[in-house]
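So this block is query.txt, compact mmCIF, C-alpha atoms:
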# COMPACT_ATOMS: atom_id res chain seq x y z
CA MET N 122 104.14 -56.23 132.16
CA PRO N 123 106.45 -54.59 134.74
CA CYS N 124 109.49 -55.61 132.64
CA GLU N 125 108.00 -53.62 129.72
CA HIS N 126 107.86 -56.60 127.33
CA LEU N 127 104.79 -56.32 125.10
CA PHE N 128 102.49 -59.22 124.23
CA HIS N 129 99.19 -59.72 122.47
CA SER N 130 96.46 -60.15 125.10
CA GLY N 131 95.30 -63.42 123.50
CA CYS N 132 98.81 -64.82 123.99
CA ILE N 133 99.77 -63.49 127.42
CA LEU N 134 96.52 -64.10 129.34
CA PRO N 135 96.62 -67.92 129.04
CA TRP N 136 100.31 -67.80 130.03
CA LEU N 137 99.57 -65.68 133.11
CA GLY N 138 96.78 -68.11 134.02
CA LYS N 139 99.44 -70.78 134.50
CA THR N 140 102.35 -68.77 135.93
CA ASN N 141 103.13 -65.30 137.25
CA CYS N 142 106.28 -64.48 135.30
CA CYS N 143 107.23 -62.91 131.98
CA PRO N 144 107.70 -65.56 129.27
CA LEU N 145 110.84 -63.81 127.97
CA CYS N 146 112.86 -62.67 130.97
CA HIS N 147 111.04 -64.72 133.68
CA LEU N 148 110.66 -61.65 135.90
CA GLU N 149 108.21 -62.61 138.61
CA ILE N 150 105.08 -60.48 138.70
CA PRO N 151 104.00 -59.66 142.26
CA ILE N 152 100.49 -60.77 143.22
CA ASP N 153 98.30 -60.06 146.24
CA ASN N 154 97.43 -63.67 147.04
CA PRO N 155 99.09 -64.69 150.34
CA GLU N 156 98.20 -68.36 149.79
CA TYR N 157 100.07 -68.40 146.49
CA GLU N 158 103.08 -66.69 148.08
CA GLU N 159 103.17 -69.35 150.80
CA LEU N 160 102.97 -72.12 148.17
CA ARG N 161 105.82 -70.51 146.22
CA LYS N 162 107.99 -70.27 149.34
CA ASN N 163 107.30 -73.90 150.22
CA LYS N 164 108.15 -74.97 146.66
CA GLU N 165 111.50 -73.15 146.88
CA ARG N 166 112.19 -74.77 150.26
CA ARG N 167 111.48 -78.23 148.87
CA LYS N 168 113.89 -77.56 145.99
CA ARG N 169 116.60 -76.77 148.53
CA GLY N 170 115.64 -79.76 150.68
CA GLU N 171 114.38 -77.63 153.57
CA HIS N 172 111.33 -78.04 155.79
CA SER N 173 108.82 -75.26 156.39
CA GLU N 174 109.24 -73.02 159.42
CA HIS N 175 105.92 -74.29 160.79
CA LEU N 176 107.11 -77.90 160.62
CA GLN N 177 110.45 -77.01 162.24
CA GLU N 178 108.57 -75.28 165.08
CA LYS N 179 106.46 -78.43 165.58
CA VAL N 180 109.65 -80.49 165.87
CA ILE N 181 111.01 -78.12 168.53
CA GLU N 182 107.69 -78.13 170.46
CA LYS N 183 107.64 -81.93 170.54
CA TYR N 184 111.29 -82.01 171.61
CA LYS N 185 110.61 -79.53 174.43
CA SER N 186 107.65 -81.63 175.60
CA GLY N 187 110.04 -84.55 176.09
CA ASP N 188 109.40 -86.66 173.00
CA GLY N 189 112.33 -88.65 171.64
CA TYR N 190 113.80 -88.29 168.17
CA LYS N 191 112.23 -91.49 166.85
CA LYS N 192 108.79 -90.61 168.19
CA ILE N 193 108.95 -87.13 166.62
CA SER N 194 110.13 -88.65 163.34
CA LYS N 195 107.22 -91.12 163.22
CA SER N 196 104.56 -88.63 164.27
CA LEU N 197 105.56 -85.94 161.75
CA ASN N 198 106.68 -88.37 159.02
CA ILE N 199 110.10 -86.72 158.70
CA PRO N 200 113.39 -88.65 158.40
CA LEU N 201 115.27 -89.13 161.66
CA SER N 202 118.35 -87.38 160.28
CA SER N 203 116.26 -84.25 159.54
CA ILE N 204 114.87 -84.27 163.09
CA LYS N 205 118.40 -84.50 164.48
CA SER N 206 119.68 -81.63 162.33
CA ILE N 207 116.70 -79.37 163.18
CA ILE N 208 117.17 -79.96 166.92
CA LYS N 209 120.95 -79.57 166.67
CA LYS N 210 120.53 -76.24 164.88
CA TRP N 211 118.00 -75.08 167.48
CA LYS N 212 120.32 -76.05 170.37
CA GLU N 213 123.34 -74.36 168.80
CA TYR N 214 121.79 -71.14 167.47
CA GLY N 215 118.50 -70.85 169.34
CA THR N 216 116.57 -70.70 166.06
CA CYS N 217 115.66 -72.91 163.14
CA ALA N 218 115.82 -70.10 160.58
CA ASN N 219 118.47 -70.37 157.89
CA LEU N 220 121.33 -68.14 158.90
CA PRO N 221 123.75 -66.66 156.37
CA ARG N 222 127.10 -68.37 156.13
CA ALA N 223 130.13 -66.43 157.19
CA GLY N 224 132.41 -67.36 154.33
CA ARG N 225 135.72 -65.77 153.55
CA PRO N 226 135.62 -61.96 153.36
CA HIS N 227 136.57 -60.30 150.09
CA LYS N 228 140.11 -58.95 149.96
CA LEU N 229 139.14 -55.93 147.88
CA SER N 230 136.15 -53.68 148.46
CA ASP N 231 133.73 -53.08 145.60
CA ARG N 232 134.96 -49.49 145.34
CA VAL N 233 138.59 -50.58 144.79
CA LYS N 234 137.52 -53.27 142.31
CA ARG N 235 135.58 -50.72 140.26
CA ARG N 236 138.55 -48.35 140.27
CA LEU N 237 140.99 -51.05 139.14
CA VAL N 238 138.70 -52.17 136.34
CA ARG N 239 138.14 -48.57 135.24
CA LYS N 240 141.89 -47.89 135.19
CA ALA N 241 142.64 -51.11 133.29
CA THR N 242 139.97 -50.37 130.70
CA LYS N 243 141.01 -46.77 130.18
CA SER N 244 144.68 -47.59 129.68
CA PRO N 245 145.15 -51.17 128.47
CA LEU N 246 148.94 -51.01 128.85
CA THR N 247 148.68 -50.64 132.65
CA THR N 248 150.65 -53.39 134.38
CA LEU N 249 149.60 -55.41 137.42
CA LYS N 250 152.24 -53.63 139.50
CA GLU N 251 150.69 -50.25 138.68
CA LEU N 252 147.21 -51.56 139.51
CA LYS N 253 148.53 -53.01 142.77
CA ALA N 254 149.99 -49.59 143.60
CA THR N 255 146.59 -48.01 142.87
CA ALA N 256 144.95 -50.40 145.34
CA ALA N 257 147.65 -49.55 147.91
CA GLU N 258 146.94 -45.82 147.43
CA MET N 259 143.33 -46.55 148.37
CA GLY N 260 144.48 -48.31 151.53
CA GLU N 261 144.19 -51.95 150.49
CA THR N 262 147.37 -53.96 150.12
CA VAL N 263 146.93 -57.10 148.05
CA HIS N 264 149.02 -59.50 146.01
CA MET N 265 149.26 -59.10 142.25
CA THR N 266 147.45 -62.42 141.71
CA THR N 267 144.44 -60.98 143.56
CA VAL N 268 144.44 -58.00 141.21
CA ALA N 269 144.74 -60.34 138.22
CA ARG N 270 141.84 -62.45 139.55
CA VAL N 271 139.62 -59.36 139.87
CA LEU N 272 140.42 -58.37 136.30
CA ARG N 273 139.81 -61.90 134.98
CA GLN N 274 136.38 -61.89 136.62
CA THR N 275 135.53 -58.85 134.51
CA GLU N 276 137.06 -60.51 131.43
CA LEU N 277 140.18 -58.34 131.29
CA TYR N 278 143.20 -60.51 130.64
CA GLY N 279 146.95 -60.13 130.08
CA ARG N 280 148.08 -57.37 132.46
CA VAL N 281 151.81 -58.02 132.47
CA ALA N 282 154.69 -55.81 131.44
CA LYS N 283 155.22 -55.63 127.70
CA ARG N 284 158.33 -57.31 126.36
CA ASN N 285 160.91 -55.16 124.74
CA THR N 286 160.66 -56.41 121.17
CA LEU N 287 163.31 -53.93 119.99
CA GLY N 288 165.84 -55.53 122.33
CA ASN N 289 164.98 -58.98 120.98
CA LYS N 290 165.56 -57.82 117.40
CA GLN N 291 168.95 -56.40 118.34
CA MET N 292 169.88 -59.72 119.92
CA CYS N 293 168.94 -61.54 116.70
CA ASN N 294 170.98 -59.15 114.52
CA GLN N 295 174.09 -59.56 116.67
CA SER N 296 174.25 -63.31 116.24

Produce structure tokens that represent the structure in this file.
Amino acid sequence: MPCEHLFHSGCILPWLGKTNCCPLCHLEIPIDNPEYEELRKNKERRKRGEHSEHLQEKVIEKYKSGDGYKKISKSLNIPLSSIKSIIKKWKEYGTCANLPRAGRPHKLSDRVKRRLVRKATKSPLTTLKELKATAAEMGETVHMTTVARVLRQTELYGRVAKRNTLGNKQMCNQS
């Protein structure tokens, strides 16, 4: 197995006859069968509710030839709403391929994130202000809540200034 898990041949061969992945880690084993690869891609598309590229191209061809939405829907046995969305996407972007979404860009680069996490792990008493200053030294100015969010994502919590417990004890003794 490419994942280096070891199995008895009497156990693994029937498994590999049914599927092409490791039974422990589910790492997919590459195979040289193009038909199987096409079936796998189509199965993933159906899970996501997508139509195959070939079918989308047929929709566009029929639309270019002058067929109406309802006629295309009936001839290809695809819901009318899917026909509309395929054609709308083709008109807007010139393609039917799934394009990546823009999304909101990250405020901190991966390099700065790694550095903040490294600094917070090395010295646990580092405050958020100090980590914010470290990010500023690297050229990225961010709010302290952003720094805290980055640390929470790596399961580092509680980066605030330590309270002066000695001062609290003095206050208690005075009263």

State, in Å with one decimal place, the distance from CA of Thr275 (chain N) to CA of Val238 (chain N).
7.6 Å

Applying 12 Å and only C-alpha atoms, which residues near Pro144 (chain N) remain after dropping the ones on its own chain fewer than 6 positions away? List them as a ChimeraX atom specification.
/N:122,124-128,132-137,150

Atoms to include: C-alpha atoms. Write the selected residues as a JSON list (two decimals), keeping the file's coordinate frame.
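Contents of part30.json, freshly written:
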[["chain", "number", "residue", "atom", "x", "y", "z"],
["N", 122, "MET", "CA", 104.14, -56.23, 132.16],
["N", 124, "CYS", "CA", 109.49, -55.61, 132.64],
["N", 125, "GLU", "CA", 108.00, -53.62, 129.72],
["N", 126, "HIS", "CA", 107.86, -56.60, 127.33],
["N", 127, "LEU", "CA", 104.79, -56.32, 125.10],
["N", 128, "PHE", "CA", 102.49, -59.22, 124.23],
["N", 132, "CYS", "CA", 98.81, -64.82, 123.99],
["N", 133, "ILE", "CA", 99.77, -63.49, 127.42],
["N", 134, "LEU", "CA", 96.52, -64.10, 129.34],
["N", 135, "PRO", "CA", 96.62, -67.92, 129.04],
["N", 136, "TRP", "CA", 100.31, -67.80, 130.03],
["N", 137, "LEU", "CA", 99.57, -65.68, 133.11],
["N", 150, "ILE", "CA", 105.08, -60.48, 138.70]]

Each residue of region 210-259 of chain N lying at most 10 Å from region 177-182 of chain N should get a row with its shortest atom-to-atom pair and the distance in Å to one decimal, counting all atoms listed in the file; could you produce that, ordered by chain and increasing number, as JSON lines?
{"residue": "N:Trp211", "atom": "CA", "partner": "N:Ile181", "partner_atom": "CA", "distance": 7.7}
{"residue": "N:Lys212", "atom": "CA", "partner": "N:Ile181", "partner_atom": "CA", "distance": 9.7}
{"residue": "N:Thr216", "atom": "CA", "partner": "N:Glu178", "partner_atom": "CA", "distance": 9.3}
{"residue": "N:Cys217", "atom": "CA", "partner": "N:Gln177", "partner_atom": "CA", "distance": 6.7}
{"residue": "N:Ala218", "atom": "CA", "partner": "N:Gln177", "partner_atom": "CA", "distance": 8.9}

Would you save the residues of that selection, restricted to C-alpha atoms, as a JSON list (two decimals), in the coordinates of the input?
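Resulting contents of out.json:
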[["chain", "number", "residue", "atom", "x", "y", "z"],
["N", 211, "TRP", "CA", 118.00, -75.08, 167.48],
["N", 212, "LYS", "CA", 120.32, -76.05, 170.37],
["N", 216, "THR", "CA", 116.57, -70.70, 166.06],
["N", 217, "CYS", "CA", 115.66, -72.91, 163.14],
["N", 218, "ALA", "CA", 115.82, -70.10, 160.58]]

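Across the structure, CA of Val268 (chain N) and CA of Leu249 (chain N) are spaced 6.9 Å apart.
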
For Met259 (chain N), the nearest of the candidates N:Ile152, N:Cys146, N:Leu237, N:Leu197, counting only C-alpha atoms
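Closest candidate: N:Leu237.
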
Please determine, counting only C-alpha atoms, which residue among N:Pro226, N:Leu176, N:Ala257, N:Thr140 has the shortest atom-to-atom distance to Ile193 (chain N).
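Between N:Pro226, N:Leu176, N:Ala257, N:Thr140, the residue approaching Ile193 (chain N) most closely is N:Leu176.
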
Separating CA of Lys139 (chain N) from CA of Asp153 (chain N), to the nearest tenth of an Å, is a gap of 15.9 Å

Minimum-distance residue to Leu246 (chain N), chosen among N:Ile199, N:Leu277, N:Cys143, N:Gly260 (using only C-alpha atoms):
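Closest residue, counting only C-alpha atoms: N:Leu277.
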
Would you fill out region 180-202 of chain N with N, CA and C atoms and return it as a PDB file, keeping the file's coordinate frame?
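Listing of result_8.pdb after writing:
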ATOM      1  N   VAL N 180     108.586 -79.591 165.412  1.00  0.00           N
ATOM      2  CA  VAL N 180     109.650 -80.490 165.870  1.00  0.00           C
ATOM      3  C   VAL N 180     110.196 -79.995 167.204  1.00  0.00           C
ATOM      4  N   ILE N 181     110.458 -78.695 167.302  1.00  0.00           N
ATOM      5  CA  ILE N 181     111.010 -78.120 168.530  1.00  0.00           C
ATOM      6  C   ILE N 181     110.008 -78.242 169.679  1.00  0.00           C
ATOM      7  N   GLU N 182     108.730 -77.994 169.417  1.00  0.00           N
ATOM      8  CA  GLU N 182     107.690 -78.130 170.460  1.00  0.00           C
ATOM      9  C   GLU N 182     107.674 -79.547 171.008  1.00  0.00           C
ATOM     10  N   LYS N 183     107.678 -80.528 170.105  1.00  0.00           N
ATOM     11  CA  LYS N 183     107.640 -81.930 170.540  1.00  0.00           C
ATOM     12  C   LYS N 183     108.907 -82.292 171.317  1.00  0.00           C
ATOM     13  N   TYR N 184     110.042 -81.740 170.899  1.00  0.00           N
ATOM     14  CA  TYR N 184     111.290 -82.010 171.610  1.00  0.00           C
ATOM     15  C   TYR N 184     111.250 -81.403 173.017  1.00  0.00           C
ATOM     16  N   LYS N 185     110.710 -80.183 173.116  1.00  0.00           N
ATOM     17  CA  LYS N 185     110.610 -79.530 174.430  1.00  0.00           C
ATOM     18  C   LYS N 185     109.659 -80.278 175.346  1.00  0.00           C
ATOM     19  N   SER N 186     108.616 -80.893 174.769  1.00  0.00           N
ATOM     20  CA  SER N 186     107.650 -81.630 175.600  1.00  0.00           C
ATOM     21  C   SER N 186     108.201 -82.968 176.079  1.00  0.00           C
ATOM     22  N   GLY N 187     109.391 -83.334 175.580  1.00  0.00           N
ATOM     23  CA  GLY N 187     110.040 -84.550 176.090  1.00  0.00           C
ATOM     24  C   GLY N 187     109.979 -85.733 175.153  1.00  0.00           C
ATOM     25  N   ASP N 188     109.444 -85.555 173.957  1.00  0.00           N
ATOM     26  CA  ASP N 188     109.400 -86.660 173.000  1.00  0.00           C
ATOM     27  C   ASP N 188     110.803 -86.969 172.492  1.00  0.00           C
ATOM     28  N   GLY N 189     111.045 -88.230 172.189  1.00  0.00           N
ATOM     29  CA  GLY N 189     112.330 -88.650 171.640  1.00  0.00           C
ATOM     30  C   GLY N 189     112.399 -88.408 170.139  1.00  0.00           C
ATOM     31  N   TYR N 190     113.594 -88.534 169.598  1.00  0.00           N
ATOM     32  CA  TYR N 190     113.800 -88.290 168.170  1.00  0.00           C
ATOM     33  C   TYR N 190     112.961 -89.227 167.301  1.00  0.00           C
ATOM     34  N   LYS N 191     112.962 -90.514 167.650  1.00  0.00           N
ATOM     35  CA  LYS N 191     112.230 -91.490 166.850  1.00  0.00           C
ATOM     36  C   LYS N 191     110.725 -91.243 166.889  1.00  0.00           C
ATOM     37  N   LYS N 192     110.228 -90.872 168.052  1.00  0.00           N
ATOM     38  CA  LYS N 192     108.790 -90.610 168.190  1.00  0.00           C
ATOM     39  C   LYS N 192     108.400 -89.376 167.366  1.00  0.00           C
ATOM     40  N   ILE N 193     109.225 -88.333 167.412  1.00  0.00           N
ATOM     41  CA  ILE N 193     108.950 -87.130 166.620  1.00  0.00           C
ATOM     42  C   ILE N 193     108.995 -87.479 165.134  1.00  0.00           C
ATOM     43  N   SER N 194     109.975 -88.270 164.741  1.00  0.00           N
ATOM     44  CA  SER N 194     110.130 -88.650 163.340  1.00  0.00           C
ATOM     45  C   SER N 194     108.906 -89.400 162.833  1.00  0.00           C
ATOM     46  N   LYS N 195     108.399 -90.346 163.638  1.00  0.00           N
ATOM     47  CA  LYS N 195     107.220 -91.120 163.220  1.00  0.00           C
ATOM     48  C   LYS N 195     105.966 -90.273 163.202  1.00  0.00           C
ATOM     49  N   SER N 196     105.789 -89.411 164.194  1.00  0.00           N
ATOM     50  CA  SER N 196     104.560 -88.630 164.270  1.00  0.00           C
ATOM     51  C   SER N 196     104.454 -87.562 163.182  1.00  0.00           C
ATOM     52  N   LEU N 197     105.586 -86.988 162.776  1.00  0.00           N
ATOM     53  CA  LEU N 197     105.560 -85.940 161.750  1.00  0.00           C
ATOM     54  C   LEU N 197     105.937 -86.452 160.364  1.00  0.00           C
ATOM     55  N   ASN N 198     106.305 -87.741 160.287  1.00  0.00           N
ATOM     56  CA  ASN N 198     106.680 -88.370 159.020  1.00  0.00           C
ATOM     57  C   ASN N 198     107.860 -87.628 158.365  1.00  0.00           C
ATOM     58  N   ILE N 199     108.883 -87.383 159.161  1.00  0.00           N
ATOM     59  CA  ILE N 199     110.100 -86.720 158.700  1.00  0.00           C
ATOM     60  C   ILE N 199     111.253 -87.670 159.006  1.00  0.00           C
ATOM     61  N   PRO N 200     112.247 -87.767 158.122  1.00  0.00           N
ATOM     62  CA  PRO N 200     113.390 -88.650 158.400  1.00  0.00           C
ATOM     63  C   PRO N 200     114.088 -88.291 159.717  1.00  0.00           C
ATOM     64  N   LEU N 201     114.597 -89.305 160.376  1.00  0.00           N
ATOM     65  CA  LEU N 201     115.270 -89.130 161.660  1.00  0.00           C
ATOM     66  C   LEU N 201     116.449 -88.177 161.556  1.00  0.00           C
ATOM     67  N   SER N 202     117.183 -88.254 160.453  1.00  0.00           N
ATOM     68  CA  SER N 202     118.350 -87.380 160.280  1.00  0.00           C
ATOM     69  C   SER N 202     117.920 -85.911 160.213  1.00  0.00           C
TER      70      SER N 202
END
